[in-house]
Amino acid sequence: MVSATARTGTVVGAVLLSLLAVPAHATPRESTAATGGAVLPKPDLEGLRGDLRTALRQGAPGAAARIDEHGTVFRTATGVADRTTGRALGNADRFRIGSVTKIFTATVLLQLADEHKLRLDAPVNRYLPGLLPDGRITVRHVLSHRSGLYDYTNDMFARTVPGFEAVRDKVFTYRQLVDRSLRRPRTNTPGAVYAYSNTNFVVAGMLVEKLTGHPVQTAYRDRIIEPLKLRDTFYVHPSTRIPGRHARGYLTPDRAGAPLVDATRQTASWAQSAGAIVSTTRDLNTFLGALLGGRLTSTAQLAQMRRWVPAGTDQAYGLGLRRRDLSCGVSVYGHTGAVQGYYTYAFASKNGGRSLAAFVNTSNNGTVHTTMLGTLESAFCGKRAKAPRGRSAPVERHEDIAAGTAPH
């Protein structure tokens with residue numbers, strides 16, 4: 001293994017990545033440039049460092065990224081993990097991964113499908129009688145965000161900081177969160193268009209607990225965390241503390257110029273199976289490599305996870321898995337996520353041969369979010385053409401989150 005670590009203004013070690021051919025996944029909706037087992041472009045490592053430095057200038061206290069490819073590692077980080085002490089941020093820091101949790105939850109349900117304890121096209125109410133008012137909503141609809149269930153976080157975090165402070169120390173039951181959703185009309189009919197909703201993965205967590213007879217924490221640990229030896233991955237709900245070395249997370253208020261709010265301490269109970277896992281860049285890359293490499297589910301269930309529906313410009317969604325189609329024609333697979341104080345980006349190539357995990361310890365900053373999406377281009381597309389002079393990238397809406405962590 002060859003490793004390099006970089007910080008702003010300082011590079012420690014030699015960057016000696018030996019980058020191998022990794023085929024990119026394609027479906028009829030994907031760019032044909034991603035097919036045929038083509039060699040991935042060499043990562044733009046200086047561009048990746050530049051993405052992180054730009055995020056700092058835009059308001060992130062710290063930013064880190066890690067690329068893994070067939071045993072070769074590149075790590076880079078800049079800024080601080082703690083604004084009070086000034087401790088430097090590093091890839092060893094644990095952080096809240098937000099909606100990347102959804103891939104873990106979906107993986108457990110696909111394992112249960114492999115064990116013939118679950119049918120993806122069966123109604124949710126078959127397993128959770130009377131939970132949902134529409135018996136047509138299936139497990140597949142929930143995992144692909146096509147249930148029509150309203151996202152309760154839209155109301156919960158309509159005001160960013162007050163909304164967060166109101167739930168920072170609260171502990172919700174799954175049923176309480178679903179009931180918040182059911183107070184509002186459904187957004188569409190089951191099986192219709194994709195409409196992102198955290199409610200779907202609260203229901204998914206309820207399915208995990210009903211079918212395994214154990215809390216989701218146990219399912220994550222026994223089925224994913226321990227088999228993969230993810231030593232820095234935890235489901236700590238309802239504890240408010242991130243164990244061990246971790247980055248503090250800072251929430252950007254809605255009012256421009258207002259001081260950042262330290263959001264590290266929280267139950268994340270509003271998210272649970274939709275977004276409450278803590279991890280590191282190393283563990284996320286290990287997880288995605290194993291999942292996309294076929295080591296966590298059968299080939300048939302992994303194919304189900306990659307049955308895509310349109311989900312925005314250059315994006316599609318499967319079952320708890322997002323596909324992003326990059327400018328160079330390469331498609332990557334994973335999830336973005338946010339919980340108050342953190343943005344996370346975890347994606348890999350088709351078979352998990354190259355993976356990128358990156359994060360910043362801030363949220364509710366759309367400019368930072370858009371900049372950090374550039375880490376995917378740097379990691380998987382290599383050198384990028386410069387934007388036309390006088391033009392900048394548009395701020396992209398980040399939906400893999402609570403409303404209160406949305407960019408502005």
# chains A, B, ... in the order shown; residues from 1 in each chain; ligands from 1

call {"tool": "select_by_dssp", "arguments": {"residues": "range 73-290 of chain A", "states": "strand (DSSP E)", "output": "MDAnalysis selection string"}}
result
chainID A and resid 73:79 95:96 234:235 250:251 261:262 277:279

call {"tool": "residues_around", "arguments": {"residues": "range 87-98 of chain A", "least_positions_apart": "6", "cutoff": "7 Å", "atoms": "only C-alpha atoms", "output": "CSV table (one decimal) with all heavy atoms, in the first residue's frame"}}
result
chain,number,residue,atom,x,y,z
A,62,GLY,N,-13.3,22.6,8.0
A,62,GLY,CA,-12.4,21.5,7.6
A,62,GLY,C,-13.0,20.7,6.5
A,62,GLY,O,-14.2,20.6,6.3
A,64,ALA,N,-12.0,16.8,4.2
A,64,ALA,CA,-11.1,15.7,4.0
A,64,ALA,C,-11.6,14.8,2.9
A,64,ALA,O,-12.8,14.8,2.6
A,64,ALA,CB,-10.9,14.9,5.3
A,65,ALA,N,-10.7,14.0,2.3
A,65,ALA,CA,-11.1,13.1,1.2
A,65,ALA,C,-10.1,12.0,1.2
A,65,ALA,O,-8.9,12.1,1.6
A,65,ALA,CB,-11.1,13.8,-0.1
A,75,ARG,N,-4.8,10.1,0.7
A,75,ARG,CA,-5.5,10.9,1.7
A,75,ARG,C,-5.1,12.3,1.7
A,75,ARG,O,-4.0,12.6,1.5
A,75,ARG,CB,-5.3,10.3,3.1
A,75,ARG,CG,-5.8,8.9,3.4
A,75,ARG,CD,-5.4,8.4,4.8
A,75,ARG,NE,-4.0,8.2,4.9
A,75,ARG,CZ,-3.5,7.0,4.9
A,75,ARG,NH1,-4.2,5.9,4.6
A,75,ARG,NH2,-2.2,6.9,5.0
A,77,ALA,N,-6.4,16.3,3.6
A,77,ALA,CA,-7.3,17.0,4.5
A,77,ALA,C,-6.7,18.4,4.7
A,77,ALA,O,-5.5,18.6,4.6
A,77,ALA,CB,-7.4,16.2,5.9
A,78,THR,N,-7.6,19.3,5.1
A,78,THR,CA,-7.2,20.6,5.4
A,78,THR,C,-8.2,21.2,6.4
A,78,THR,O,-9.3,20.8,6.5
A,78,THR,CB,-7.2,21.5,4.0
A,78,THR,OG1,-6.7,22.8,4.3
A,78,THR,CG2,-8.6,21.6,3.4
A,79,GLY,N,-7.8,22.3,7.0
A,79,GLY,CA,-8.7,22.9,8.0
A,79,GLY,C,-8.7,22.3,9.4
A,79,GLY,O,-7.8,21.5,9.7
A,80,VAL,N,-9.7,22.6,10.2
A,80,VAL,CA,-9.7,22.1,11.5
A,80,VAL,C,-10.9,21.2,11.8
A,80,VAL,O,-12.0,21.4,11.2
A,80,VAL,CB,-9.7,23.3,12.5
A,80,VAL,CG1,-8.5,24.2,12.3
A,80,VAL,CG2,-11.0,24.2,12.3
A,81,ALA,N,-10.7,20.3,12.8
A,81,ALA,CA,-11.7,19.5,13.3
A,81,ALA,C,-12.5,20.1,14.4
A,81,ALA,O,-13.6,19.8,14.7
A,81,ALA,CB,-11.2,18.1,13.8
A,232,ASP,N,-14.4,2.0,12.8
A,232,ASP,CA,-14.8,3.3,13.2
A,232,ASP,C,-16.2,3.7,12.8
A,232,ASP,O,-16.6,4.8,12.7
A,232,ASP,CB,-13.8,4.3,12.5
A,232,ASP,CG,-12.4,4.2,13.0
A,232,ASP,OD1,-12.2,4.3,14.2
A,232,ASP,OD2,-11.5,4.0,12.1
A,245,ARG,N,-11.9,9.8,18.5
A,245,ARG,CA,-11.5,11.0,17.8
A,245,ARG,C,-12.5,11.3,16.7
A,245,ARG,O,-12.9,10.5,15.9
A,245,ARG,CB,-10.1,10.8,17.2
A,245,ARG,CG,-9.7,11.8,16.2
A,245,ARG,CD,-8.3,11.6,15.7
A,245,ARG,NE,-8.1,12.5,14.5
A,245,ARG,CZ,-6.9,12.8,14.0
A,245,ARG,NH1,-5.8,12.4,14.6
A,245,ARG,NH2,-6.7,13.5,13.0
A,246,HIS,N,-13.0,12.6,16.7
A,246,HIS,CA,-14.0,12.9,15.8
A,246,HIS,C,-13.9,14.4,15.4
A,246,HIS,O,-13.4,15.2,16.1
A,246,HIS,CB,-15.4,12.6,16.3
A,246,HIS,CG,-15.8,13.3,17.5
A,246,HIS,ND1,-15.4,12.9,18.8
A,246,HIS,CD2,-16.5,14.5,17.7
A,246,HIS,CE1,-15.9,13.7,19.7
A,246,HIS,NE2,-16.5,14.7,19.1
A,247,ALA,N,-14.5,14.7,14.3
A,247,ALA,CA,-14.6,16.1,13.8
A,247,ALA,C,-15.9,16.7,14.4
A,247,ALA,O,-17.0,16.1,14.4
A,247,ALA,CB,-14.7,16.2,12.3
A,275,GLY,N,-30.4,8.2,8.6
A,275,GLY,CA,-29.2,9.1,8.6
A,275,GLY,C,-28.4,9.2,9.9
A,275,GLY,O,-27.8,10.3,10.1
A,276,ALA,N,-28.4,8.2,10.8
A,276,ALA,CA,-27.8,8.4,12.1
A,276,ALA,C,-26.4,7.7,12.3
A,276,ALA,O,-25.9,7.7,13.4
A,276,ALA,CB,-28.7,8.0,13.2
A,277,ILE,N,-25.9,7.1,11.3
A,277,ILE,CA,-24.6,6.4,11.4
A,277,ILE,C,-23.4,7.3,11.5
A,277,ILE,O,-23.4,8.4,10.9
A,277,ILE,CB,-24.4,5.3,10.3
A,277,ILE,CG1,-25.3,4.1,10.5
A,277,ILE,CG2,-23.0,4.8,10.2
A,277,ILE,CD1,-25.3,3.1,9.5
A,278,VAL,N,-22.4,7.0,12.3
A,278,VAL,CA,-21.1,7.7,12.4
A,278,VAL,C,-20.1,6.8,11.7
A,278,VAL,O,-20.1,5.5,11.9
A,278,VAL,CB,-20.7,7.9,13.8
A,278,VAL,CG1,-19.3,8.4,14.0
A,278,VAL,CG2,-21.7,8.9,14.5
A,279,SER,N,-19.1,7.4,10.9
A,279,SER,CA,-18.1,6.5,10.3
A,279,SER,C,-16.9,7.4,10.0
A,279,SER,O,-16.7,8.5,10.4
A,279,SER,CB,-18.7,5.9,9.0
A,279,SER,OG,-17.8,4.9,8.5
A,280,THR,N,-16.0,6.9,9.1
A,280,THR,CA,-14.8,7.6,8.6
A,280,THR,C,-14.7,7.3,7.1
A,280,THR,O,-15.3,6.5,6.6
A,280,THR,CB,-13.5,7.0,9.3
A,280,THR,OG1,-13.4,5.6,9.0
A,280,THR,CG2,-13.5,7.2,10.8
A,281,THR,N,-13.8,8.1,6.5
A,281,THR,CA,-13.6,7.9,5.1
A,281,THR,C,-13.1,6.5,4.7
A,281,THR,O,-13.5,5.9,3.7
A,281,THR,CB,-12.6,9.0,4.5
A,281,THR,OG1,-11.4,8.9,5.2
A,281,THR,CG2,-13.2,10.4,4.6
A,337,GLY,N,-24.9,12.8,1.7
A,337,GLY,CA,-25.6,12.9,2.9
A,337,GLY,C,-25.3,14.1,3.7
A,337,GLY,O,-24.2,14.7,3.6
A,338,ALA,N,-26.2,14.5,4.6
A,338,ALA,CA,-26.0,15.5,5.5
A,338,ALA,C,-26.8,15.3,6.8
A,338,ALA,O,-27.9,14.8,6.7
A,338,ALA,CB,-26.3,16.9,4.9
A,339,VAL,N,-26.2,15.7,7.8
A,339,VAL,CA,-26.9,15.8,9.1
A,339,VAL,C,-26.3,17.1,9.6
A,339,VAL,O,-25.3,17.6,9.2
A,339,VAL,CB,-26.6,14.6,10.0
A,339,VAL,CG1,-25.1,14.5,10.3
A,339,VAL,CG2,-27.4,14.7,11.3
A,342,TYR,N,-22.5,18.4,9.1
A,342,TYR,CA,-21.7,17.6,8.2
A,342,TYR,C,-22.3,17.4,6.8
A,342,TYR,O,-23.5,17.1,6.7
A,342,TYR,CB,-21.4,16.2,8.8
A,342,TYR,CG,-20.9,16.2,10.2
A,342,TYR,CD1,-21.8,16.3,11.3
A,342,TYR,CD2,-19.6,16.2,10.5
A,342,TYR,CE1,-21.4,16.3,12.6
A,342,TYR,CE2,-19.1,16.2,11.8
A,342,TYR,CZ,-20.0,16.3,12.9
A,342,TYR,OH,-19.5,16.3,14.2
A,344,THR,N,-21.4,14.7,3.6
A,344,THR,CA,-20.7,13.5,3.2
A,344,THR,C,-20.9,13.2,1.8
A,344,THR,O,-22.0,13.3,1.2
A,344,THR,CB,-21.1,12.3,4.1
A,344,THR,OG1,-20.9,12.7,5.5
A,344,THR,CG2,-20.2,11.1,3.8
A,401,ILE,N,-30.9,14.8,2.6
A,401,ILE,CA,-30.7,15.5,3.9
A,401,ILE,C,-32.1,15.9,4.5
A,401,ILE,O,-33.1,15.7,4.0
A,401,ILE,CB,-30.0,16.8,3.6
A,401,ILE,CG1,-30.7,17.7,2.6
A,401,ILE,CG2,-28.6,16.6,3.2
A,401,ILE,CD1,-30.1,19.0,2.3

call {"tool": "closest_atom_pairs", "arguments": {"of": "range 33-124 of chain A", "to": "range 145-165 of chain A", "cutoff": "12 Å", "atoms": "only C-alpha atoms", "output": "CSV"}}
result
residue,atom,partner,partner_atom,distance
A:Lys102,CA,A:His145,CA,11.2
A:Ala106,CA,A:His145,CA,11.9
A:Pro123,CA,A:Ser147,CA,10.7
A:Val124,CA,A:Ser147,CA,10.2

call {"tool": "residues_around", "arguments": {"residues": "Ala358 in chain A", "least_positions_apart": "2", "cutoff": "10 Å", "atoms": "only C-alpha atoms", "output": "list in words"}}
result
Leu48, Leu52, Ala63, Ala64, Ala65, Arg66, Ile67, Arg75, Thr76, Ala77, Asn91, Thr280, Thr281, Arg282, Leu284, Asn285, Thr336, Tyr343, Thr344, Tyr345, Ala346, Phe347, Leu356, Val360, Met372, Leu373, Thr375 and Leu376 of chain A

call {"tool": "write_last_selection", "arguments": {"atoms": "N, CA, C and O atoms", "output": "JSON list (two decimals), in the first residue's frame"}}
result
[["chain", "number", "residue", "atom", "x", "y", "z"],
["A", 48, "LEU", "N", -8.25, 17.58, -6.44],
["A", 48, "LEU", "CA", -8.96, 17.17, -5.23],
["A", 48, "LEU", "C", -8.54, 18.04, -4.06],
["A", 48, "LEU", "O", -9.39, 18.51, -3.29],
["A", 52, "LEU", "N", -10.97, 20.88, -1.77],
["A", 52, "LEU", "CA", -11.06, 21.01, -0.32],
["A", 52, "LEU", "C", -10.67, 22.42, 0.13],
["A", 52, "LEU", "O", -11.33, 23.01, 1.01],
["A", 63, "ALA", "N", -12.10, 20.02, 5.76],
["A", 63, "ALA", "CA", -12.54, 19.14, 4.66],
["A", 63, "ALA", "C", -11.50, 18.04, 4.50],
["A", 63, "ALA", "O", -10.30, 18.27, 4.66],
["A", 64, "ALA", "N", -11.97, 16.84, 4.18],
["A", 64, "ALA", "CA", -11.07, 15.69, 4.02],
["A", 64, "ALA", "C", -11.59, 14.79, 2.92],
["A", 64, "ALA", "O", -12.80, 14.75, 2.64],
["A", 65, "ALA", "N", -10.69, 14.04, 2.30],
["A", 65, "ALA", "CA", -11.08, 13.10, 1.25],
["A", 65, "ALA", "C", -10.09, 11.95, 1.23],
["A", 65, "ALA", "O", -8.90, 12.11, 1.56],
["A", 66, "ARG", "N", -10.57, 10.79, 0.80],
["A", 66, "ARG", "CA", -9.73, 9.60, 0.68],
["A", 66, "ARG", "C", -10.16, 8.82, -0.56],
["A", 66, "ARG", "O", -11.35, 8.59, -0.79],
["A", 67, "ILE", "N", -9.18, 8.41, -1.37],
["A", 67, "ILE", "CA", -9.41, 7.53, -2.51],
["A", 67, "ILE", "C", -8.75, 6.19, -2.22],
["A", 67, "ILE", "O", -7.59, 6.14, -1.79],
["A", 75, "ARG", "N", -4.81, 10.11, 0.69],
["A", 75, "ARG", "CA", -5.55, 10.85, 1.71],
["A", 75, "ARG", "C", -5.15, 12.31, 1.67],
["A", 75, "ARG", "O", -3.96, 12.63, 1.55],
["A", 76, "THR", "N", -6.11, 13.19, 1.84],
["A", 76, "THR", "CA", -5.82, 14.61, 1.93],
["A", 76, "THR", "C", -6.83, 15.26, 2.86],
["A", 76, "THR", "O", -7.99, 14.85, 2.91],
["A", 77, "ALA", "N", -6.38, 16.26, 3.60],
["A", 77, "ALA", "CA", -7.27, 16.96, 4.53],
["A", 77, "ALA", "C", -6.73, 18.36, 4.74],
["A", 77, "ALA", "O", -5.53, 18.63, 4.60],
["A", 91, "ASN", "N", -8.26, 12.33, 8.13],
["A", 91, "ASN", "CA", -9.12, 11.26, 7.67],
["A", 91, "ASN", "C", -9.43, 10.23, 8.75],
["A", 91, "ASN", "O", -10.34, 9.43, 8.58],
["A", 280, "THR", "N", -15.99, 6.86, 9.12],
["A", 280, "THR", "CA", -14.79, 7.56, 8.64],
["A", 280, "THR", "C", -14.68, 7.34, 7.13],
["A", 280, "THR", "O", -15.34, 6.47, 6.55],
["A", 281, "THR", "N", -13.79, 8.10, 6.51],
["A", 281, "THR", "CA", -13.59, 7.93, 5.07],
["A", 281, "THR", "C", -13.08, 6.52, 4.74],
["A", 281, "THR", "O", -13.48, 5.92, 3.74],
["A", 282, "ARG", "N", -12.20, 6.00, 5.57],
["A", 282, "ARG", "CA", -11.69, 4.64, 5.34],
["A", 282, "ARG", "C", -12.82, 3.62, 5.35],
["A", 282, "ARG", "O", -12.93, 2.77, 4.45],
["A", 284, "LEU", "N", -16.05, 4.01, 5.00],
["A", 284, "LEU", "CA", -17.02, 4.18, 3.92],
["A", 284, "LEU", "C", -16.49, 3.59, 2.61],
["A", 284, "LEU", "O", -17.24, 2.94, 1.86],
["A", 285, "ASN", "N", -15.22, 3.80, 2.32],
["A", 285, "ASN", "CA", -14.65, 3.22, 1.11],
["A", 285, "ASN", "C", -14.64, 1.69, 1.19],
["A", 285, "ASN", "O", -14.91, 1.00, 0.20],
["A", 336, "THR", "N", -24.87, 10.85, -1.30],
["A", 336, "THR", "CA", -24.47, 12.02, -0.54],
["A", 336, "THR", "C", -25.30, 12.04, 0.73],
["A", 336, "THR", "O", -26.32, 11.35, 0.83],
["A", 343, "TYR", "N", -21.49, 17.45, 5.79],
["A", 343, "TYR", "CA", -21.82, 16.96, 4.45],
["A", 343, "TYR", "C", -20.89, 15.78, 4.15],
["A", 343, "TYR", "O", -19.68, 15.86, 4.39],
["A", 344, "THR", "N", -21.44, 14.72, 3.56],
["A", 344, "THR", "CA", -20.67, 13.53, 3.21],
["A", 344, "THR", "C", -20.89, 13.17, 1.75],
["A", 344, "THR", "O", -22.00, 13.30, 1.23],
["A", 345, "TYR", "N", -19.83, 12.66, 1.12],
["A", 345, "TYR", "CA", -19.87, 12.24, -0.28],
["A", 345, "TYR", "C", -19.17, 10.88, -0.35],
["A", 345, "TYR", "O", -17.96, 10.80, -0.08],
["A", 346, "ALA", "N", -19.90, 9.82, -0.67],
["A", 346, "ALA", "CA", -19.33, 8.47, -0.69],
["A", 346, "ALA", "C", -19.77, 7.78, -1.98],
["A", 346, "ALA", "O", -20.95, 7.44, -2.13],
["A", 347, "PHE", "N", -18.83, 7.59, -2.90],
["A", 347, "PHE", "CA", -19.15, 7.00, -4.21],
["A", 347, "PHE", "C", -18.02, 6.08, -4.65],
["A", 347, "PHE", "O", -16.87, 6.24, -4.24],
["A", 356, "LEU", "N", -14.28, 6.80, -3.42],
["A", 356, "LEU", "CA", -13.97, 8.10, -2.82],
["A", 356, "LEU", "C", -14.92, 8.35, -1.67],
["A", 356, "LEU", "O", -16.14, 8.19, -1.82],
["A", 360, "VAL", "N", -17.06, 17.44, 4.76],
["A", 360, "VAL", "CA", -16.76, 18.72, 5.39],
["A", 360, "VAL", "C", -17.52, 18.78, 6.69],
["A", 360, "VAL", "O", -18.59, 18.18, 6.82],
["A", 372, "MET", "N", -17.91, 20.62, -3.17],
["A", 372, "MET", "CA", -17.48, 19.28, -2.77],
["A", 372, "MET", "C", -17.95, 18.21, -3.75],
["A", 372, "MET", "O", -17.32, 17.15, -3.86],
["A", 373, "LEU", "N", -19.01, 18.47, -4.47],
["A", 373, "LEU", "CA", -19.39, 17.53, -5.53],
["A", 373, "LEU", "C", -18.29, 17.44, -6.59],
["A", 373, "LEU", "O", -18.16, 16.43, -7.29],
["A", 375, "THR", "N", -15.33, 16.94, -5.98],
["A", 375, "THR", "CA", -14.40, 15.87, -5.61],
["A", 375, "THR", "C", -14.66, 14.61, -6.42],
["A", 375, "THR", "O", -13.73, 13.84, -6.68],
["A", 376, "LEU", "N", -15.91, 14.38, -6.83],
["A", 376, "LEU", "CA", -16.22, 13.22, -7.67],
["A", 376, "LEU", "C", -15.56, 13.35, -9.03],
["A", 376, "LEU", "O", -15.00, 12.39, -9.57]]

call {"tool": "atom_distance", "arguments": {"atom1": "CA of Leu230 in chain A", "atom2": "CA of Leu110 in chain A"}}
result
19.7 Å
